[in-house]
Each structure stands twice: as C-alpha cells, then as structure tokens.
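Source file query21.cif; content: mmCIF, C-alpha atoms.
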data_start
loop_
_atom_site.label_atom_id
_atom_site.label_comp_id
_atom_site.auth_asym_id
_atom_site.auth_seq_id
_atom_site.Cartn_x
_atom_site.Cartn_y
_atom_site.Cartn_z
CA ASP A 19 -91.55 -48.82 -39.14
CA ALA A 20 -90.81 -45.34 -37.69
CA GLY A 21 -90.40 -43.88 -41.17
CA ILE A 22 -87.06 -45.53 -42.01
CA THR A 23 -86.95 -47.31 -45.35
CA GLN A 24 -83.98 -49.25 -46.68
CA SER A 25 -83.46 -50.35 -50.24
CA PRO A 26 -82.82 -52.86 -51.56
CA ARG A 27 -83.95 -55.37 -48.94
CA HIS A 28 -81.89 -58.17 -50.46
CA LYS A 29 -78.95 -58.11 -52.82
CA VAL A 30 -76.47 -60.59 -54.21
CA THR A 31 -73.40 -59.12 -55.84
CA GLU A 32 -70.05 -60.28 -57.12
CA THR A 33 -66.69 -59.65 -55.51
CA GLY A 34 -65.10 -56.45 -56.73
CA THR A 35 -68.27 -54.67 -57.77
CA PRO A 36 -69.43 -51.42 -56.16
CA VAL A 37 -72.70 -51.54 -54.22
CA THR A 38 -74.85 -48.72 -52.88
CA LEU A 39 -77.44 -49.15 -50.17
CA ARG A 40 -80.02 -46.45 -49.55
CA CYS A 41 -81.68 -45.29 -46.36
CA HIS A 42 -84.61 -42.90 -46.50
CA GLN A 43 -86.30 -41.29 -43.49
CA THR A 44 -89.43 -39.19 -43.29
CA GLU A 45 -89.15 -37.84 -39.71
CA ASN A 46 -86.48 -35.16 -40.16
CA HIS A 47 -84.03 -36.89 -37.81
CA ARG A 48 -80.69 -35.12 -37.70
CA TYR A 49 -78.52 -38.14 -36.91
CA MET A 50 -78.33 -41.19 -39.17
CA TYR A 51 -76.25 -44.34 -38.84
CA TRP A 52 -75.18 -47.36 -40.81
CA TYR A 53 -74.52 -50.59 -38.90
CA ARG A 54 -73.69 -54.10 -39.91
CA GLN A 55 -74.91 -57.06 -37.89
CA ASP A 56 -73.07 -60.36 -37.88
CA PRO A 57 -73.52 -63.39 -35.61
CA GLY A 58 -71.53 -63.01 -32.41
CA HIS A 59 -70.73 -59.35 -33.04
CA GLY A 60 -73.99 -57.55 -32.56
CA LEU A 61 -74.35 -54.19 -34.24
CA ARG A 62 -71.15 -52.52 -35.36
CA LEU A 63 -71.10 -48.91 -36.46
CA ILE A 64 -69.80 -48.28 -39.98
CA HIS A 65 -70.40 -44.56 -40.49
CA TYR A 66 -72.75 -41.96 -39.15
CA SER A 67 -73.99 -38.52 -40.10
CA TYR A 68 -74.79 -35.56 -37.88
CA GLY A 69 -76.22 -33.39 -40.61
CA VAL A 70 -76.29 -32.80 -44.34
CA LYS A 71 -72.79 -33.36 -45.72
CA ASP A 72 -71.49 -34.04 -42.17
CA THR A 73 -70.30 -37.59 -41.68
CA ASP A 74 -67.82 -39.48 -39.55
CA LYS A 75 -66.32 -42.95 -39.34
CA GLY A 76 -67.38 -45.71 -37.04
CA GLU A 77 -65.42 -48.72 -35.80
CA VAL A 78 -65.61 -50.74 -39.05
CA SER A 79 -65.43 -48.10 -41.78
CA ASP A 80 -62.69 -49.60 -43.98
CA GLY A 81 -64.04 -50.38 -47.45
CA TYR A 82 -67.16 -48.26 -46.98
CA SER A 83 -68.07 -44.68 -47.81
CA VAL A 84 -71.21 -42.66 -47.16
CA SER A 85 -72.94 -39.58 -48.44
CA ARG A 86 -75.74 -37.41 -47.17
CA SER A 87 -76.84 -34.73 -49.59
CA LYS A 88 -80.33 -34.34 -48.11
CA THR A 89 -81.64 -34.72 -44.55
CA GLU A 90 -83.83 -37.64 -45.54
CA ASP A 91 -81.29 -39.77 -47.45
CA PHE A 92 -78.14 -41.52 -46.26
CA LEU A 93 -76.27 -43.70 -48.74
CA LEU A 94 -73.75 -46.42 -47.95
CA THR A 95 -71.35 -47.48 -50.70
CA LEU A 96 -69.15 -50.54 -50.72
CA GLU A 97 -66.43 -49.37 -53.05
CA SER A 98 -65.31 -52.85 -54.12
CA ALA A 99 -67.34 -55.56 -52.43
CA THR A 100 -65.56 -58.43 -50.69
CA SER A 101 -66.93 -61.65 -49.20
CA SER A 102 -66.17 -60.31 -45.71
CA GLN A 103 -68.81 -57.64 -46.33
CA THR A 104 -71.54 -60.25 -46.57
CA SER A 105 -73.81 -59.16 -43.74
CA VAL A 106 -77.10 -57.62 -42.74
CA TYR A 107 -76.94 -53.84 -42.90
CA PHE A 108 -79.15 -51.63 -40.79
CA CYS A 109 -79.80 -47.95 -41.07
CA ALA A 110 -80.87 -46.04 -37.96
CA ALA A 111 -81.83 -42.48 -37.14
CA ARG A 112 -82.03 -40.36 -34.01
CA ARG A 113 -83.68 -37.00 -33.61
CA GLY A 114 -80.79 -35.54 -31.64
CA GLU A 115 -77.39 -36.53 -30.37
CA ARG A 116 -78.57 -37.22 -26.83
CA ASN A 117 -81.81 -38.98 -27.73
CA THR A 118 -81.84 -42.47 -26.29
CA GLU A 119 -84.15 -43.85 -28.96
CA ALA A 120 -82.77 -44.88 -32.30
CA PHE A 121 -85.23 -45.88 -35.02
CA PHE A 122 -84.16 -48.67 -37.33
CA GLY A 123 -84.99 -49.72 -40.84
CA GLN A 124 -85.86 -53.30 -41.77
CA GLY A 125 -82.34 -54.15 -42.85
CA THR A 126 -80.64 -55.08 -46.12
CA ARG A 127 -79.32 -58.60 -46.50
CA LEU A 128 -76.21 -58.40 -48.69
CA THR A 129 -74.41 -61.42 -50.05
CA VAL A 130 -71.08 -61.04 -51.85
CA VAL A 131 -70.16 -64.08 -53.94
CA GLN B 22 -62.24 -57.45 -24.47
CA LYS B 23 -65.51 -55.99 -25.73
CA GLU B 24 -66.93 -52.97 -23.94
CA VAL B 25 -70.26 -54.71 -23.53
CA GLU B 26 -70.55 -58.45 -23.00
CA GLN B 27 -73.78 -60.36 -23.44
CA ASP B 28 -74.42 -64.11 -23.51
CA PRO B 29 -75.78 -64.92 -27.00
CA GLY B 30 -77.95 -67.80 -25.74
CA PRO B 31 -80.31 -69.10 -26.89
CA LEU B 32 -82.20 -68.96 -23.62
CA SER B 33 -85.27 -71.19 -23.73
CA VAL B 34 -87.92 -70.97 -21.00
CA PRO B 35 -91.55 -72.09 -20.64
CA GLU B 36 -94.38 -69.62 -21.02
CA GLY B 37 -95.16 -67.81 -17.78
CA ALA B 38 -91.62 -68.00 -16.42
CA ILE B 39 -89.62 -65.05 -15.16
CA VAL B 40 -86.77 -64.28 -17.53
CA SER B 41 -83.50 -62.62 -16.57
CA LEU B 42 -81.28 -61.19 -19.30
CA ASN B 43 -77.93 -59.67 -18.44
CA CYS B 44 -75.01 -57.63 -19.71
CA THR B 45 -71.71 -56.58 -18.22
CA TYR B 46 -69.74 -53.55 -19.31
CA SER B 47 -66.30 -52.11 -18.72
CA ASN B 48 -66.67 -48.33 -19.11
CA SER B 49 -67.62 -46.68 -15.84
CA ALA B 50 -68.55 -43.47 -17.69
CA PHE B 51 -71.73 -44.98 -19.17
CA GLN B 52 -74.81 -43.20 -17.80
CA TYR B 53 -77.71 -44.26 -20.03
CA PHE B 54 -78.50 -47.93 -20.53
CA MET B 55 -80.90 -49.06 -23.23
CA TRP B 56 -82.58 -52.35 -23.98
CA TYR B 57 -83.65 -53.04 -27.53
CA ARG B 58 -85.75 -55.94 -28.77
CA GLN B 59 -85.21 -57.41 -32.22
CA TYR B 60 -87.62 -59.84 -33.82
CA SER B 61 -86.32 -62.17 -36.50
CA ARG B 62 -85.52 -60.39 -39.77
CA LYS B 63 -86.54 -57.00 -38.34
CA GLY B 64 -84.68 -53.96 -37.09
CA PRO B 65 -84.20 -53.43 -33.33
CA GLU B 66 -86.77 -51.38 -31.40
CA LEU B 67 -86.24 -49.57 -28.12
CA LEU B 68 -87.86 -51.46 -25.26
CA MET B 69 -86.84 -49.27 -22.34
CA TYR B 70 -83.93 -47.39 -20.83
CA THR B 71 -82.58 -46.41 -17.44
CA TYR B 72 -80.39 -43.56 -16.32
CA SER B 73 -77.54 -44.31 -13.91
CA SER B 74 -78.11 -46.95 -11.23
CA GLY B 75 -81.50 -48.24 -10.12
CA ASN B 76 -84.62 -49.89 -11.42
CA LYS B 77 -87.24 -48.93 -13.97
CA GLU B 78 -90.46 -50.82 -14.50
CA ASP B 79 -92.73 -50.83 -17.54
CA GLY B 80 -95.52 -53.37 -17.43
CA ARG B 81 -94.03 -56.84 -17.35
CA PHE B 82 -90.51 -55.51 -17.94
CA THR B 83 -88.02 -54.26 -15.36
CA ALA B 84 -84.61 -52.83 -16.21
CA GLN B 85 -81.96 -52.74 -13.53
CA VAL B 86 -78.50 -51.19 -13.48
CA ASP B 87 -75.81 -51.77 -10.86
CA LYS B 88 -73.02 -49.35 -11.68
CA SER B 89 -70.83 -50.58 -8.83
CA SER B 90 -70.54 -53.98 -10.47
CA LYS B 91 -71.09 -52.72 -14.05
CA TYR B 92 -74.03 -55.09 -14.47
CA ILE B 93 -77.22 -54.50 -16.47
CA SER B 94 -80.32 -56.68 -16.20
CA LEU B 95 -83.68 -56.97 -17.90
CA PHE B 96 -86.41 -59.01 -16.19
CA ILE B 97 -89.54 -60.19 -17.96
CA ARG B 98 -92.44 -61.39 -15.80
CA ASP B 99 -95.14 -63.75 -17.02
CA SER B 100 -93.24 -64.36 -20.25
CA GLN B 101 -95.27 -64.86 -23.43
CA PRO B 102 -94.43 -66.55 -26.74
CA SER B 103 -94.58 -63.07 -28.30
CA ASP B 104 -91.56 -62.13 -26.15
CA SER B 105 -89.44 -64.52 -28.22
CA ALA B 106 -86.82 -62.27 -29.81
CA THR B 107 -83.22 -61.17 -29.47
CA TYR B 108 -82.62 -58.63 -26.69
CA LEU B 109 -79.72 -56.21 -27.08
CA CYS B 110 -78.31 -54.04 -24.33
CA ALA B 111 -76.83 -50.74 -25.46
CA PRO B 112 -75.21 -48.30 -23.07
CA MET B 113 -74.52 -44.80 -24.35
CA ASP B 114 -70.95 -43.56 -24.16
CA SER B 115 -69.71 -40.04 -23.40
CA ASN B 116 -69.87 -39.21 -27.15
CA TYR B 117 -73.57 -40.21 -27.16
CA GLN B 118 -72.85 -43.28 -29.28
CA LEU B 119 -74.68 -46.50 -28.54
CA ILE B 120 -72.32 -49.35 -27.64
CA TRP B 121 -74.06 -52.60 -28.50
CA GLY B 122 -73.96 -55.98 -26.85
CA ALA B 123 -74.12 -58.99 -29.16
CA GLY B 124 -77.69 -59.76 -28.10
CA THR B 125 -79.31 -62.70 -26.29
CA LYS B 126 -81.76 -64.85 -28.23
CA LEU B 127 -84.80 -65.64 -26.07
CA ILE B 128 -87.26 -68.43 -26.85
CA ILE B 129 -90.51 -68.72 -24.90
CA LYS B 130 -92.06 -72.18 -25.28
CA PRO B 131 -95.88 -72.36 -25.19
#

Same coordinates, now as structure tokens:
Amino acid sequence: DAGITQSPRHKVTETGTPVTLRCHQTENHRYMYWYRQDPGHGLRLIHYSYGVKDTDKGEVSDGYSVSRSKTEDFLLTLESATSSQTSVYFCAARRGERNTEAFFGQGTRLTVV
Amino acid sequence: QKEVEQDPGPLSVPEGAIVSLNCTYSNSAFQYFMWYRQYSRKGPELLMYTYSSGNKEDGRFTAQVDKSSKYISLFIRDSQPSDSATYLCAPMDSNYQLIWGAGTKLIIKP
C-alpha cells in the first residue's frame, strides 16, 4: 500500500454537514495530493501540498479546504457537503516535485444524502 | 476539450490476445508520460513511464509515445485475466502536475 492510509474508507453524510477526510503517510513524501474520481472524469485534482503548511488549489477546489500541519498528515475538509461531492476520494504522495511515481491510498467512498 | 482524451471502454479481449490502449493529448509541452493501473476499489499504481518520444518495454508491457501526433499507447502481450483493470494515462505538465485521462477499463476473458 506504499504507506498511504486514508480514513475513513466509507462515509455517508447529510447535506450541509462538514466532513473531514484524513490521509496519513509513513514515507516522508514532501508532496501530497487530494483527488476525486468520478465516472467519465478520471482523477481530478482538488488541492495539493508541497510542504508543511504549504498548500495550493487544484482544478476542482471550490467547497473544499485542506490542512497540513505535519509532513505525514494531509486533511481534506468539505465545509458544507453537497450531493455533487458524492465521489471516491484518493490521497496521493510523491517524494519530490519531479518524481514520476505517485503513491495512492485505497480511497474513501463518500456519499452525501 | 480535455487535455488528455482516453476511450473509457470497456475493452474486452480473450486471454492471450495483444491489447492496445491509447490516449491523445493536446499540450505539446508534455515530456513525461505515465501509465497507471487501477484495480477495482483500489488506488492507481504506476505501471511504467516514458520520456519524450519512443518506446519502453517492461516484460509483457510496452509504452509508446509519438509526440508528432500527440498519441500515447500501451501494449500488453499475452494478456492474462490478472491484467483486467482500468488503465490511466497521465502525462506530466510543465508544472510537474499529472494530467489524468479518464481511464480505459480492460477485461481479459479466460
């Protein structure tokens, strides 16, 4: 599993509630990413981090925020969940910016009802 | 228009067949081209990558890039049921971000 652990693995939540997904890595990778995967769209970047407290937006960042207070942890928060945020969320990590290999977690299946 | 286009499939072939998976892209600045494999309900894993144009072989897998036509291919020889997965192409842009295709679902029938 390349040392990337996501929690929870499954979650059902109600519209309007905040939700936090956690990604934990054990390999000291500098770069971490949050993606969502939906049929027909592939992986779309939500936010990424290039170091502790250093984050930037991806292509689908609206309605999401992130935090990285430690190298090993990258949190994704849905501030007020909507049904359009029902998706599978993947965390990934890369050792360096130019590394071709990204290591992925197992994914979190989120359903907003 | 998406930067990376990939036929979602599914592509169903008999065991032992040669499989060809393809992507097209629009950004001529892409230099690194990755192929990831994703099994059902798992995260993607890097299969192989190529730099610029040309071929790269790794066992039964061959990755090919034609930058003149902006065309990326992955060939699988002697396909096995264990190759059944979704294959995602992912070029790297000039900001070192991976730009993902939608993935092609491959089914190898025993």

Which of these, B:Thr83, B:Asn48, B:Gln59, B:Ser105, has the shortest distance to chain A once you count only C-alpha atoms?
->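 Answer, going by the shortest atom-to-atom distance: B:Gln59.
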
At most 8 Å from (-72.2, -49.3, -38.1), file frame, all atoms listed in the file: which residues, as a list in words?
-> Tyr51, Trp52, Tyr53, Arg54, Leu61, Arg62, Leu63, Ile64, His65, Tyr66, Gly76, Glu77, Val78, Ser79 and Phe108 of chain A

Chain B contacts on chain A, all atoms listed in the file, 8 Å, as a ChimeraX atom specification = /A:57-62,108,115-116,118-125

Exactly which residues make up the result of the PyMOL selection byres ((chain A and resi 41) around 6) on this file, given as number ranges by chain?
-> A: 23-24, 40, 42, 91-92

Evaluate the PyMOL selection byres ((chain B and resi 35-40) around 6) and report residues as a count of residues only = 11

Point (-81.4, -56.8, -16.9) neighbourhood (7 Å, all atoms listed in the file) written as a short mmCIF file (atom, residue, chain, number, x, y, z; two decimals) with C-alpha atoms, keeping the file's coordinate frame:
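Now in out.cif:
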data_model
loop_
_atom_site.label_atom_id
_atom_site.label_comp_id
_atom_site.auth_asym_id
_atom_site.auth_seq_id
_atom_site.Cartn_x
_atom_site.Cartn_y
_atom_site.Cartn_z
CA SER B 41 -83.50 -62.62 -16.57
CA LEU B 42 -81.28 -61.19 -19.30
CA ASN B 43 -77.93 -59.67 -18.44
CA ALA B 84 -84.61 -52.83 -16.21
CA GLN B 85 -81.96 -52.74 -13.53
CA ILE B 93 -77.22 -54.50 -16.47
CA SER B 94 -80.32 -56.68 -16.20
CA LEU B 95 -83.68 -56.97 -17.90
CA PHE B 96 -86.41 -59.01 -16.19
#

Between CA of Val25 in chain B and CA of Tyr46 in chain B, distance in Å (one decimal) =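 According to the coordinates, CA of Val25 in chain B and CA of Tyr46 in chain B are separated by 4.4 Å.
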
Once the PyMOL selection byres ((chain A and resi 48) around 7) has been applied to the shown file, what residues remain in the selection, as a PyMOL selection string?
-> chain A and resi 46-47+49-50+68-69+89+112-114

Excluding Thr104 in chain A and any residue of its chain fewer than 5 positions from it, enumerate the residues within 10 Å of it, using all atoms listed in the file, and give them as a list in words.
->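 Non-adjacent residues within range: Lys29, Val30, Thr31, Arg54, Gln55, Asp56, Ala99, Arg127, Leu128, Thr129, Val130 and Val131 of chain A.
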
Which of B:Pro102, B:Glu26, B:Asp87, B:Asp79 sits closest to Gln52 in chain B [using all atoms listed in the file] |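 Selected residue with least distance to Gln52 in chain B: B:Asp87.
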